[in-house]
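Asks: This is the content of upload-v1.cif (mmCIF, C-alpha atoms and all ligand atoms):
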data_target
#
loop_
_atom_site.label_atom_id
_atom_site.label_comp_id
_atom_site.auth_asym_id
_atom_site.auth_seq_id
_atom_site.Cartn_x
_atom_site.Cartn_y
_atom_site.Cartn_z
CA MET P 1 101.07 101.10 93.88
CA SER P 2 97.52 99.81 93.76
CA ALA P 3 96.35 97.56 96.59
CA LEU P 4 94.81 95.46 93.84
CA GLN P 5 97.07 93.14 91.92
CA ILE P 6 95.30 92.46 88.64
CA LEU P 7 96.25 89.00 87.38
CA HIS P 8 93.85 88.53 84.48
CA ARG P 9 91.82 90.78 82.20
CA ASP P 10 88.93 89.50 80.14
CA PRO P 11 89.49 90.41 76.48
CA GLY P 12 85.76 90.66 75.75
CA SER P 13 84.74 92.97 78.60
CA GLN P 14 86.18 95.16 81.32
CA ALA P 15 86.29 92.28 83.79
CA ARG P 16 89.44 91.69 85.74
CA ALA P 17 90.49 89.11 88.34
CA GLY P 18 93.15 89.57 90.95
CA ILE P 19 94.05 89.91 94.59
CA LEU P 20 93.26 92.83 96.86
CA ARG P 21 96.01 93.17 99.46
CA THR P 22 95.02 94.46 102.90
CA GLY P 23 96.50 94.64 106.38
CA HIS P 24 94.55 91.54 107.41
CA GLY P 25 95.24 89.37 104.39
CA ASP P 26 94.12 89.08 100.81
CA VAL P 27 90.78 89.15 99.04
CA ARG P 28 90.34 87.20 95.82
CA THR P 29 88.53 89.39 93.30
CA PRO P 30 85.99 89.80 91.91
CA ALA P 31 84.34 89.06 95.26
CA PHE P 32 81.02 89.39 97.00
CA VAL P 33 81.28 90.81 100.52
CA PRO P 34 78.69 89.62 103.06
CA LEU P 35 77.26 92.16 105.49
CA ALA P 36 78.32 92.09 109.11
CA THR P 37 76.30 95.25 109.72
CA LYS P 38 76.37 95.24 113.50
CA GLY P 39 79.58 93.26 113.89
CA THR P 40 78.29 89.85 112.88
CA VAL P 41 77.07 88.08 109.76
CA LYS P 42 73.66 87.45 111.28
CA GLY P 43 73.40 83.93 112.66
CA LEU P 44 76.87 82.74 111.67
CA GLU P 45 80.23 82.48 113.34
CA PRO P 46 83.25 84.00 111.57
CA ARG P 47 84.78 80.57 110.93
CA GLU P 48 81.60 79.51 109.13
CA VAL P 49 81.70 82.60 106.92
CA ALA P 50 85.36 81.95 106.11
CA ALA P 51 84.66 78.27 105.40
CA LEU P 52 82.10 79.30 102.78
CA GLY P 53 84.92 80.98 100.88
CA TYR P 54 84.64 84.59 102.01
CA ASP P 55 87.77 86.67 102.49
CA MET P 56 86.13 89.91 103.68
CA VAL P 57 83.00 91.19 105.45
CA LEU P 58 81.43 94.65 105.67
CA GLY P 59 80.70 96.44 108.97
CA ASN P 60 78.43 99.44 109.26
CA THR P 61 79.88 102.65 110.67
CA PHE P 62 76.49 104.23 111.41
CA HIS P 63 75.10 101.35 113.47
CA LEU P 64 78.37 100.56 115.26
CA MET P 65 78.84 104.25 116.10
CA LEU P 66 75.45 104.40 117.85
CA ASP P 67 75.79 101.05 119.59
CA PRO P 68 78.13 99.82 121.06
CA GLY P 69 80.12 102.93 120.07
CA PRO P 70 83.63 103.24 118.68
CA ASP P 71 85.26 103.71 122.09
CA LEU P 72 83.99 100.40 123.35
CA VAL P 73 85.07 98.58 120.17
CA GLU P 74 88.49 100.20 120.46
CA GLN P 75 88.80 99.00 124.05
CA PHE P 76 88.30 95.47 122.76
CA GLY P 77 91.17 95.96 120.31
CA GLY P 78 89.17 97.03 117.27
CA LEU P 79 86.41 95.42 115.26
CA HIS P 80 88.47 92.39 114.15
CA GLU P 81 89.17 91.42 117.75
CA PHE P 82 85.71 92.38 118.99
CA MET P 83 83.89 90.17 116.48
CA ARG P 84 86.69 87.58 116.23
CA TRP P 85 87.12 87.91 112.46
CA SER P 86 90.80 88.02 111.60
CA SER P 87 90.44 88.57 107.84
CA PRO P 88 89.82 91.87 106.00
CA ILE P 89 86.94 94.17 106.97
CA ILE P 90 85.49 97.01 104.93
CA THR P 91 83.41 99.63 106.75
CA ASP P 92 80.92 101.83 104.98
CA SER P 93 80.88 105.47 105.96
CA GLY P 94 77.40 105.81 107.43
CA GLY P 95 76.47 108.25 104.68
CA PHE P 96 73.84 105.97 103.20
CA GLN P 97 72.13 105.38 106.55
CA VAL P 98 72.24 109.04 107.60
CA PHE P 99 70.81 110.24 104.31
CA SER P 100 68.21 107.50 104.20
CA MET P 101 66.75 109.28 107.22
CA GLY P 102 67.10 112.71 105.70
CA HIS P 103 65.62 111.98 102.33
CA GLY P 104 62.58 110.31 103.83
CA THR P 105 61.15 107.00 102.87
CA VAL P 106 62.41 106.65 99.35
CA ALA P 107 62.39 102.98 98.57
CA ASP P 108 65.15 102.04 96.20
CA GLU P 109 63.62 99.32 94.08
CA ILE P 110 66.90 98.00 92.77
CA LYS P 111 68.52 97.72 96.14
CA GLY P 112 65.33 96.42 97.76
CA ARG P 113 65.51 98.89 100.61
CA ALA P 114 62.65 98.89 103.05
CA ALA P 115 60.27 101.81 102.65
CA SER P 116 60.09 102.35 106.38
CA GLY P 117 63.70 103.51 106.60
CA ALA P 118 62.94 106.89 108.17
CA ASP P 119 61.02 105.42 111.08
CA ARG P 120 63.46 102.63 111.62
CA LEU P 121 66.61 104.72 111.48
CA GLY P 122 65.69 107.85 113.39
CA ARG P 123 65.46 111.39 112.12
CA VAL P 124 67.70 113.96 110.47
CA LEU P 125 67.61 117.35 112.20
CA SER P 126 69.83 119.32 109.81
CA ILE P 127 72.17 118.88 106.85
CA ASP P 128 74.69 121.58 106.02
CA GLU P 129 78.15 122.00 104.59
CA ASP P 130 79.75 120.88 107.79
CA GLY P 131 77.84 117.67 108.41
CA VAL P 132 74.58 116.09 109.53
CA ARG P 133 72.77 116.39 112.85
CA PHE P 134 70.35 113.58 113.59
CA ARG P 135 68.44 111.81 116.31
CA SER P 136 69.69 108.35 117.25
CA TYR P 137 67.27 105.50 116.69
CA VAL P 138 68.91 103.75 119.63
CA ASP P 139 68.18 106.14 122.47
CA GLY P 140 66.71 109.31 120.90
CA SER P 141 69.82 111.36 121.70
CA GLU P 142 71.10 114.01 119.31
CA LYS P 143 74.11 112.92 117.27
CA TYR P 144 76.34 114.57 114.77
CA MET P 145 78.21 113.11 111.84
CA ALA P 146 80.67 115.01 109.71
CA PRO P 147 83.23 113.61 107.27
CA GLU P 148 85.83 113.70 110.04
CA THR P 149 83.49 111.89 112.46
CA SER P 150 82.98 109.05 110.03
CA MET P 151 86.72 108.65 109.45
CA GLU P 152 87.39 108.84 113.20
CA VAL P 153 84.86 106.09 113.90
CA GLN P 154 86.30 103.93 111.12
CA ALA P 155 89.79 104.52 112.52
CA ALA P 156 88.61 103.34 115.95
CA LEU P 157 86.97 100.30 114.39
CA GLY P 158 90.29 99.58 112.66
CA SER P 159 88.80 98.42 109.37
CA ASP P 160 91.12 97.57 106.49
CA LEU P 161 89.09 99.53 103.94
CA ALA P 162 87.34 102.73 104.96
CA LEU P 163 84.77 104.47 102.79
CA VAL P 164 84.60 108.27 102.79
CA PHE P 165 81.51 110.11 104.04
CA ASP P 166 79.27 111.06 101.15
CA GLU P 167 75.80 112.38 100.59
CA CYS P 168 73.68 109.63 99.15
CA THR P 169 70.99 111.23 97.00
CA PRO P 170 67.81 109.29 96.27
CA PHE P 171 66.47 108.49 92.84
CA ASN P 172 63.60 110.98 92.81
CA ILE P 173 65.63 114.07 93.65
CA ASP P 174 66.12 116.68 90.91
CA ARG P 175 69.24 117.15 88.86
CA ASP P 176 70.03 120.50 90.37
CA TYR P 177 70.11 119.13 93.91
CA THR P 178 72.10 116.10 92.75
CA ALA P 179 74.70 118.36 91.11
CA ARG P 180 75.14 120.50 94.22
CA SER P 181 75.15 117.47 96.49
CA THR P 182 77.78 115.72 94.35
CA GLU P 183 80.03 118.77 94.57
CA ARG P 184 79.65 118.75 98.35
CA THR P 185 80.51 115.05 98.39
CA HIS P 186 83.77 115.94 96.63
CA ARG P 187 84.53 118.61 99.23
CA TRP P 188 83.76 116.05 101.95
CA LEU P 189 86.11 113.63 100.20
CA ASN P 190 88.90 116.20 100.61
CA ARG P 191 88.12 116.54 104.31
CA CYS P 192 88.08 112.76 104.79
CA LEU P 193 91.43 112.37 103.06
CA SER P 194 92.91 115.23 105.02
CA TRP P 195 91.74 113.77 108.36
CA HIS P 196 92.99 110.33 107.37
CA ALA P 197 96.39 111.63 106.31
CA ASP P 198 96.88 113.10 109.80
CA HIS P 199 95.11 110.54 112.00
CA GLY P 200 94.23 107.40 110.02
CA PRO P 201 95.57 104.03 111.14
CA ASP P 202 98.58 102.71 109.26
CA GLY P 203 97.61 100.46 106.41
CA GLN P 204 93.93 101.43 106.34
CA LEU P 205 92.91 101.89 102.71
CA VAL P 206 90.53 104.73 101.87
CA TYR P 207 87.96 104.50 99.09
CA GLY P 208 86.41 107.61 97.54
CA ILE P 209 82.77 107.36 96.47
CA ILE P 210 81.38 108.35 93.08
CA GLN P 211 77.98 110.04 93.19
CA GLY P 212 76.03 111.92 90.53
CA GLY P 213 72.70 110.11 90.51
CA VAL P 214 71.44 108.92 87.14
CA HIS P 215 72.98 111.81 85.17
CA GLU P 216 75.75 110.76 82.82
CA ASP P 217 77.69 114.02 82.89
CA LEU P 218 77.51 114.23 86.69
CA ARG P 219 78.61 110.62 87.09
CA ILE P 220 81.56 111.06 84.74
CA GLU P 221 82.59 114.32 86.40
CA SER P 222 82.35 112.66 89.83
CA THR P 223 84.40 109.70 88.59
CA LEU P 224 87.15 111.99 87.33
CA GLN P 225 87.08 114.06 90.54
CA VAL P 226 87.39 111.00 92.77
CA ALA P 227 90.03 109.33 90.59
CA ALA P 228 92.15 112.49 90.58
CA ARG P 229 92.56 112.33 94.35
CA PRO P 230 94.96 110.08 96.28
CA VAL P 231 92.34 107.46 97.12
CA ASP P 232 93.32 103.79 97.44
CA GLY P 233 90.11 102.57 95.89
CA ILE P 234 86.95 103.80 94.24
CA ALA P 235 83.37 102.99 95.21
CA ILE P 236 80.23 103.65 93.22
CA GLY P 237 77.33 104.76 95.39
CA GLY P 238 74.05 106.59 95.45
CA SER P 239 70.98 105.99 93.38
CA LEU P 240 71.87 103.80 90.45
CA GLY P 241 68.55 104.14 88.68
CA ALA P 242 64.99 102.94 88.46
CA ASP P 243 65.68 99.58 86.83
CA LYS P 244 68.49 97.23 85.95
CA PRO P 245 69.28 98.60 82.46
CA GLN P 246 69.66 102.08 83.93
CA MET P 247 71.81 100.73 86.75
CA TYR P 248 74.13 99.04 84.25
CA ASP P 249 74.36 102.34 82.34
CA VAL P 250 75.24 104.27 85.50
CA VAL P 251 77.90 101.75 86.57
CA GLY P 252 79.23 101.57 83.01
CA TRP P 253 79.69 105.35 82.77
CA ALA P 254 81.88 105.24 85.87
CA THR P 255 84.00 102.23 84.93
CA ALA P 256 84.42 103.49 81.35
CA ALA P 257 85.64 106.83 82.71
CA LEU P 258 88.08 104.97 84.97
CA GLY P 259 89.49 103.08 82.00
CA ASP P 260 92.64 101.20 82.91
CA ASP P 261 92.83 102.65 86.42
CA ALA P 262 94.21 99.74 88.43
CA ARG P 263 92.79 100.78 91.80
CA PRO P 264 90.14 98.48 93.29
CA ARG P 265 86.49 99.30 92.57
CA HIS P 266 83.56 98.58 94.87
CA LEU P 267 79.88 98.66 93.93
CA LEU P 268 77.78 99.56 96.97
CA GLY P 269 74.59 97.70 97.84
CA ILE P 270 74.29 95.47 94.78
CA GLY P 271 74.13 91.65 94.95
CA ASP P 272 71.46 90.07 92.72
CA VAL P 273 72.92 87.21 90.68
CA ASP P 274 72.43 88.91 87.29
CA ASP P 275 73.75 92.20 88.69
CA LEU P 276 76.89 90.52 89.99
CA ILE P 277 77.58 88.95 86.59
CA ARG P 278 77.02 92.26 84.77
CA GLY P 279 78.97 94.18 87.40
CA VAL P 280 81.96 91.90 86.93
CA GLU P 281 81.77 92.41 83.16
CA LEU P 282 81.70 96.16 83.77
CA GLY P 283 84.95 95.96 85.72
CA ILE P 284 83.78 95.91 89.35
CA ASP P 285 86.07 94.10 91.81
CA THR P 286 83.95 93.87 94.98
CA PHE P 287 80.24 94.06 95.84
CA ASP P 288 78.25 94.14 99.07
CA CYS P 289 74.55 93.59 99.62
CA ALA P 290 72.08 92.57 102.31
CA MET P 291 70.24 90.38 99.81
CA PRO P 292 71.54 86.82 100.44
CA THR P 293 71.46 87.07 104.23
CA ARG P 294 68.20 89.03 104.37
CA LEU P 295 66.46 86.61 101.99
CA GLY P 296 67.65 83.74 104.13
CA ARG P 297 66.06 85.27 107.20
CA HIS P 298 62.80 85.52 105.28
CA GLY P 299 62.79 81.92 104.11
CA VAL P 300 63.99 82.50 100.56
CA ALA P 301 66.75 80.38 99.03
CA LEU P 302 68.90 81.25 96.02
CA VAL P 303 68.58 78.70 93.20
CA PRO P 304 69.66 78.70 89.54
CA ASP P 305 66.27 79.88 88.24
CA PRO P 306 66.62 83.13 86.27
CA GLY P 307 62.87 83.25 85.56
CA LYS P 308 62.24 83.59 89.29
CA ARG P 309 65.11 86.03 89.94
CA TRP P 310 67.19 83.08 91.25
CA ARG P 311 64.83 82.72 94.23
CA VAL P 312 62.53 80.15 95.76
CA ASP P 313 60.27 80.98 98.71
CA LEU P 314 60.41 78.01 101.07
CA THR P 315 57.60 79.36 103.24
CA ALA P 316 55.11 78.56 100.44
CA ALA P 317 52.49 75.90 101.09
CA ARG P 318 53.55 73.94 98.01
CA TRP P 319 56.68 72.71 99.82
CA LYS P 320 54.77 71.17 102.72
CA LEU P 321 55.36 67.61 101.59
CA SER P 322 58.46 68.24 99.50
CA GLN P 323 61.41 65.99 100.14
CA GLU P 324 63.57 67.86 97.64
CA PRO P 325 66.76 69.43 98.98
CA ILE P 326 66.98 73.24 99.10
CA MET P 327 68.80 72.99 95.77
CA GLU P 328 69.61 69.91 93.74
CA GLY P 329 73.35 69.43 93.28
CA CYS P 330 74.35 72.07 95.84
CA PRO P 331 77.50 71.13 97.77
CA CYS P 332 76.85 73.59 100.63
CA PRO P 333 76.72 72.27 104.22
CA SER P 334 72.93 72.81 104.44
CA CYS P 335 72.15 70.86 101.26
CA GLU P 336 74.80 68.20 101.82
CA SER P 337 73.21 67.38 105.16
CA GLY P 338 70.01 66.45 103.33
CA PHE P 339 67.58 68.95 104.83
CA THR P 340 64.37 68.92 102.78
CA ARG P 341 62.22 71.81 101.60
CA GLY P 342 59.35 70.34 103.60
CA TYR P 343 61.45 70.41 106.77
CA LEU P 344 62.68 73.96 106.06
CA ARG P 345 59.11 75.17 105.49
CA TYR P 346 58.08 73.60 108.80
CA LEU P 347 61.00 75.20 110.68
CA LEU P 348 60.27 78.58 109.10
CA ARG P 349 56.62 78.40 110.20
CA GLN P 350 57.83 77.61 113.71
CA ARG P 351 60.26 80.56 113.50
CA GLU P 352 63.07 78.21 114.44
CA LEU P 353 66.49 79.87 114.23
CA THR P 354 67.95 76.76 112.60
CA ALA P 355 66.04 77.53 109.41
CA VAL P 356 67.59 80.98 109.20
CA ARG P 357 71.06 79.58 109.71
CA LEU P 358 70.61 76.84 107.11
CA LEU P 359 69.32 79.28 104.49
CA THR P 360 71.92 81.94 105.26
CA VAL P 361 74.65 79.34 104.80
CA HIS P 362 73.11 78.11 101.55
CA ASN P 363 72.61 81.60 100.09
CA LEU P 364 76.11 82.76 100.98
CA ALA P 365 77.56 79.52 99.61
CA PHE P 366 75.64 80.06 96.36
CA LEU P 367 77.11 83.54 95.84
CA ALA P 368 80.60 82.45 96.92
CA ARG P 369 80.56 79.75 94.24
CA LEU P 370 79.15 82.17 91.67
CA MET P 371 82.01 84.60 92.27
CA ALA P 372 84.61 81.81 92.25
CA ASP P 373 83.10 80.61 88.99
CA LEU P 374 83.45 84.08 87.47
CA ARG P 375 87.01 84.44 88.75
CA GLY P 376 87.94 81.11 87.24
CA ALA P 377 86.33 82.04 83.93
CA ILE P 378 88.20 85.34 83.74
CA ALA P 379 91.46 83.50 84.39
CA ALA P 380 90.63 80.86 81.77
CA GLY P 381 89.51 83.41 79.19
CA THR P 382 86.00 81.92 79.06
CA LEU P 383 83.98 84.62 80.79
CA ALA P 384 81.61 85.28 77.89
CA GLU P 385 80.47 81.67 77.65
CA ARG P 386 80.34 81.18 81.39
CA ALA P 387 78.37 84.38 81.99
CA ALA P 388 75.86 83.34 79.31
CA ALA P 389 75.47 79.91 80.91
CA LEU P 390 74.99 81.37 84.40
CA ARG P 391 72.44 83.85 83.10
CA ALA P 392 70.58 80.91 81.54
CA GLY P 393 70.43 79.10 84.87
CA ALA P 394 73.62 77.05 85.04
CA LEU P 395 74.70 75.85 88.45
CA PRO P 396 77.56 78.00 89.77
CA ARG P 397 80.43 75.58 89.88
CA GLY P 398 83.24 77.51 91.49
CA ALA P 399 84.88 75.84 94.43
CA PRO P 400 85.73 78.89 96.50
CA THR P 401 87.52 77.18 99.35
CA SER P 402 89.86 74.91 97.47
CA VAL P 403 90.31 75.25 93.73
CA GLU P 404 91.79 78.43 92.36
CA PRO P 405 93.84 78.93 89.22
CA ALA P 406 97.29 77.48 89.73
CA GLU P 407 99.00 80.70 88.75
CA LEU P 408 97.53 82.61 91.68
CA PRO P 409 100.29 83.85 93.94
CA GLU P 410 100.03 82.48 97.43
CA LEU P 411 97.34 84.18 99.45
CA ARG P 412 98.29 85.84 102.68
CA ARG P 413 96.15 85.01 105.68
CA GLN P 414 96.23 86.37 109.17
CA PRO P 415 97.27 83.69 111.65
ZN ZN P 501 72.93 74.57 99.42
#
What does the file become when written as structure tokens?
Ligand SMILES: [Zn+2]
Replies:
Amino acid sequence: MSALQILHRDPGSQARAGILRTGHGDVRTPAFVPLATKGTVKGLEPREVAALGYDMVLGNTFHLMLDPGPDLVEQFGGLHEFMRWSSPIITDSGGFQVFSMGHGTVADEIKGRAASGADRLGRVLSIDEDGVRFRSYVDGSEKYMAPETSMEVQAALGSDLALVFDECTPFNIDRDYTARSTERTHRWLNRCLSWHADHGPDGQLVYGIIQGGVHEDLRIESTLQVAARPVDGIAIGGSLGADKPQMYDVVGWATAALGDDARPRHLLGIGDVDDLIRGVELGIDTFDCAMPTRLGRHGVALVPDPGKRWRVDLTAARWKLSQEPIMEGCPCPSCESGFTRGYLRYLLRQRELTAVRLLTVHNLAFLARLMADLRGAIAAGTLAERAAALRAGALPRGAPTSVEPAELPELRRQP
């Protein structure tokens, strides 16, 4: 039985709304998943993240493996206990980070990755069929990651959803390499599933990852390969293209090939407002991305302004005297408290941590309401109109913490 209970399907698209059941409670879908890369949503406490309407966060296997290490986290009772987050956690496999080192400094425009990835993350020493040897960015020591290593670390972390170890090929790599790499990713998928069947924690769901770069036949083949295996969920990873239209094509090939498959689907590393709307229409259930929290740390707030990519830079000089709120009509704690753009700009110039917290809260609240809005629209059968309005700059009006369709079965929460 699928961990995802689909409650509503949109007749005009592939969108679906439902509840993802995990060992630490339920996740309302479609959902955005904030990053808790190193065991915290930067600047916030877990209760604040939950209060914004989030059911799940994403921890990073690569970073947590290097520091503080899986053994230490396990001694604290697992990642939930260690970071004091009692709701669901998904952990990525570390594949993206490892291969970001190996494939050099390929900036992924769509995902907004920093071009200095290789320097920041350390160095790959070798990649072969067995796994990847690399130098730790933490202390320079030599480390090794194989499919089994990734699953073992995720088992120690005790995440609810584990992602299998895959090779993440960059956009500029040739088709031949992508084809061979995708086949290896499928062999690594088998090894991950085999390790998990013998040693994985009870109740931990395992997601396979679709690769195949920007090649339609490779993506479809990878989708069919992953779907044919006993995975609990399916993630779409790797390079999704050079621009948004190509990304929507790549995601669409995968979800079309999945058809009515009821298992949950996760889109890795995508979180722009227009991408979330399109992703939902394409049948994606969960998304993760550094965007809202990273923008917040850089003084950028999300606002309903499609012409400016839903962003406003509050460090700009034009806000010096502005007594406008971060966003007119926003019910988030930062805006409700009446903080002005002029004050935020001043705090940002002073590098005051309060500014980062206020903007992180606002940005996460914005996306939480967007996703609640989309969920509500799918349930009400009005997704087409609502998506068009949101794309045109409508205020997301979902109320993620309180109002949900009455027919939703009761959500399970961890005490
Ligand atoms: Zn706000």
Asks: So that I can see what lies close to Leu267 in chain P, please list as a short mmCIF file (atom, residue, chain, number, x, y, z; two decimals) with C-alpha atoms, in the frame of the given file the residues with an atom at most 12 Å from it, counting all atoms listed in the file and leaving out residues fewer than 6 positions away in the same chain.
Replies:
data_model
loop_
_atom_site.label_atom_id
_atom_site.label_comp_id
_atom_site.auth_asym_id
_atom_site.auth_seq_id
_atom_site.Cartn_x
_atom_site.Cartn_y
_atom_site.Cartn_z
CA PRO P 30 85.99 89.80 91.91
CA ALA P 31 84.34 89.06 95.26
CA PHE P 32 81.02 89.39 97.00
CA VAL P 33 81.28 90.81 100.52
CA ASP P 92 80.92 101.83 104.98
CA LYS P 111 68.52 97.72 96.14
CA LEU P 163 84.77 104.47 102.79
CA TYR P 207 87.96 104.50 99.09
CA GLY P 208 86.41 107.61 97.54
CA ILE P 209 82.77 107.36 96.47
CA ILE P 210 81.38 108.35 93.08
CA GLN P 211 77.98 110.04 93.19
CA GLY P 233 90.11 102.57 95.89
CA ILE P 234 86.95 103.80 94.24
CA ALA P 235 83.37 102.99 95.21
CA ILE P 236 80.23 103.65 93.22
CA GLY P 237 77.33 104.76 95.39
CA GLY P 238 74.05 106.59 95.45
CA SER P 239 70.98 105.99 93.38
CA LEU P 240 71.87 103.80 90.45
CA MET P 247 71.81 100.73 86.75
CA TYR P 248 74.13 99.04 84.25
CA VAL P 250 75.24 104.27 85.50
CA VAL P 251 77.90 101.75 86.57
CA GLY P 252 79.23 101.57 83.01
CA ALA P 254 81.88 105.24 85.87
CA THR P 255 84.00 102.23 84.93
CA ASP P 275 73.75 92.20 88.69
CA LEU P 276 76.89 90.52 89.99
CA ARG P 278 77.02 92.26 84.77
CA GLY P 279 78.97 94.18 87.40
CA VAL P 280 81.96 91.90 86.93
CA LEU P 282 81.70 96.16 83.77
CA GLY P 283 84.95 95.96 85.72
CA ILE P 284 83.78 95.91 89.35
CA ASP P 285 86.07 94.10 91.81
CA THR P 286 83.95 93.87 94.98
CA PHE P 287 80.24 94.06 95.84
CA ASP P 288 78.25 94.14 99.07
CA CYS P 289 74.55 93.59 99.62
#
Asks: Give me, as a Markdown table, each residue of chain P that comes within 6 Å of ligand ZN 501 (chain P), together with its shortest interatomic pair and the distance in Å at one decimal, counting all atoms listed in the file, with rows ordered by chain and rising residue number.
Replies:
| residue | atom | partner | partner_atom | distance |
| --- | --- | --- | --- | --- |
| P:Met327 | CA | P:ZN501 | ZN | 5.7 |
| P:Cys330 | CA | P:ZN501 | ZN | 4.6 |
| P:Pro331 | CA | P:ZN501 | ZN | 6.0 |
| P:Cys332 | CA | P:ZN501 | ZN | 4.2 |
| P:Ser334 | CA | P:ZN501 | ZN | 5.3 |
| P:Cys335 | CA | P:ZN501 | ZN | 4.2 |
| P:His362 | CA | P:ZN501 | ZN | 4.1 |
Asks: So that I can check the surroundings of Asp261 in chain P, please list as a ChimeraX atom specification every protein, DNA and RNA residue that reaches within 10 Å of it, counting all atoms listed in the file and ignoring chain neighbours fewer than 3 positions away.
Replies: /P:2,227,233-234,255-258,264-265
Asks: Excluding same-chain residues fewer than 2 positions from Thr91 in chain P, what lies within 7 Å of it counting only C-alpha atoms, as a VMD selection string?
Replies: chain P and resid 58 to 61 89 93 154 159 161 to 163
Asks: Using only C-alpha atoms, collect all residues at a distance of at most 10 Å from (76.8, 113.2, 84.8) as written in the file, then present them as a ChimeraX atom specification.
Replies: /P:175,178-179,182,211-223,250,253-254
Asks: Have a look at P:Glu167, P:Glu142, P:Asp71, P:Glu324 and name the one nearest to Gly95 in chain P; count all atoms listed in the file.
Replies: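 Result for the nearest residue to Gly95 in chain P: P:Glu167.
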Asks: Report, in Å to a single decimal, how far apart CA of Gly299 in chain P and CA of Arg349 in chain P are.
Replies: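 According to the coordinates, CA of Arg349 in chain P and CA of Gly299 in chain P are separated by 9.4 Å.
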Asks: Would you list the contacts of Ala365 in chain P as an NGL selection string, taking every protein, DNA or RNA residue within 10 Å and counting all atoms listed in the file, but skipping same-chain residues closer than 6 positions in sequence?
Replies: :P and (49 or 51-54 or 292 or 302 or 330-334 or 359 or 371 or 396 or 399-400)
Asks: Produce a file of the selected residues containing C-alpha atoms, as a PDB file, keeping the file's coordinate frame.
Replies:
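File produced: selection-v8.pdb:
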ATOM      1  CA  VAL P  49      81.700  82.600 106.920  1.00  0.00           C
ATOM      2  CA  ALA P  51      84.660  78.270 105.400  1.00  0.00           C
ATOM      3  CA  LEU P  52      82.100  79.300 102.780  1.00  0.00           C
ATOM      4  CA  GLY P  53      84.920  80.980 100.880  1.00  0.00           C
ATOM      5  CA  TYR P  54      84.640  84.590 102.010  1.00  0.00           C
ATOM      6  CA  PRO P 292      71.540  86.820 100.440  1.00  0.00           C
ATOM      7  CA  LEU P 302      68.900  81.250  96.020  1.00  0.00           C
ATOM      8  CA  CYS P 330      74.350  72.070  95.840  1.00  0.00           C
ATOM      9  CA  PRO P 331      77.500  71.130  97.770  1.00  0.00           C
ATOM     10  CA  CYS P 332      76.850  73.590 100.630  1.00  0.00           C
ATOM     11  CA  PRO P 333      76.720  72.270 104.220  1.00  0.00           C
ATOM     12  CA  SER P 334      72.930  72.810 104.440  1.00  0.00           C
ATOM     13  CA  LEU P 359      69.320  79.280 104.490  1.00  0.00           C
ATOM     14  CA  MET P 371      82.010  84.600  92.270  1.00  0.00           C
ATOM     15  CA  PRO P 396      77.560  78.000  89.770  1.00  0.00           C
ATOM     16  CA  ALA P 399      84.880  75.840  94.430  1.00  0.00           C
ATOM     17  CA  PRO P 400      85.730  78.890  96.500  1.00  0.00           C
TER      18      PRO P 400
END
Asks: So what do you get for CA of Val206 in chain P versus CA of Leu367 in chain P, distance-wise?
Replies: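 CA of Leu367 in chain P lies 25.8 Å from CA of Val206 in chain P.
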Asks: Using only C-alpha atoms, which protein or nucleic acid residues come within 7 Å of Ala379 in chain P? Drop anything in the same chain fewer than 4 positions from it, and give the result as a count of residues only.
Replies: 3
Asks: Record the distance separating CA of Pro170 in chain P and CA of Gln97 in chain P, expressed in Å with one decimal.
Replies: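 We find that CA of Pro170 in chain P and CA of Gln97 in chain P lie 11.8 Å from each other.
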Asks: Identify the residues within 9 Å of coordinate (62.6, 78.0, 100.8) (same frame as the file), considering only C-alpha atoms, and give the answer as a list in words.
Replies: Gly296, His298, Gly299, Val300, Ala301, Leu302, Arg311, Val312, Asp313, Leu314, Thr315, Ala316, Trp319, Ile326, Arg341, Gly342, Leu344, Arg345, Leu348 and Leu359 of chain P
Asks: Counting all atoms listed in the file, which residue out of P:Glu281, P:Asp160, P:Asp249, P:Asp274 sits closest to His80 in chain P?
Replies: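 The closest residue to His80 in chain P is P:Asp160.
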Asks: Please, which residues in range 216-256 of chain P fall within 10 Å of range 190-198 of chain P when counting all atoms listed in the file, and what is the closest atom pair and distance in Å to one decimal for each, ordered by chain then residue number, as CSV?
Replies:
residue,atom,partner,partner_atom,distance
P:Val226,CA,P:Asn190,CA,9.5
P:Arg229,CA,P:Asn190,CA,8.2
P:Pro230,CA,P:Leu193,CA,8.0
P:Val231,CA,P:Leu193,CA,7.8
Asks: Point out the residue among P:Arg135, P:Val153, P:Ser86, P:Ala146 with the least atom-to-atom distance to Leu189 in chain P, counting all atoms listed in the file.
Replies: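 Checking each of P:Arg135, P:Val153, P:Ser86, P:Ala146 against Leu189 in chain P, counting all atoms listed in the file, the winner is P:Ala146.
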Asks: Find, counting all atoms listed in the file, the residue in P:Gln75, P:Ser87, P:Gln14, P:Asn172 that gets nearest to Pro46 in chain P.
Replies: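 Among the listed residues, the smallest separation from Pro46 in chain P belongs to P:Ser87.
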Asks: Compare P:Leu20, P:Val73, P:Met56, P:Ser150 by their minimum atom-to-atom distance to Val98 in chain P, counting all atoms listed in the file, and give me the closest one.
Replies: P:Ser150
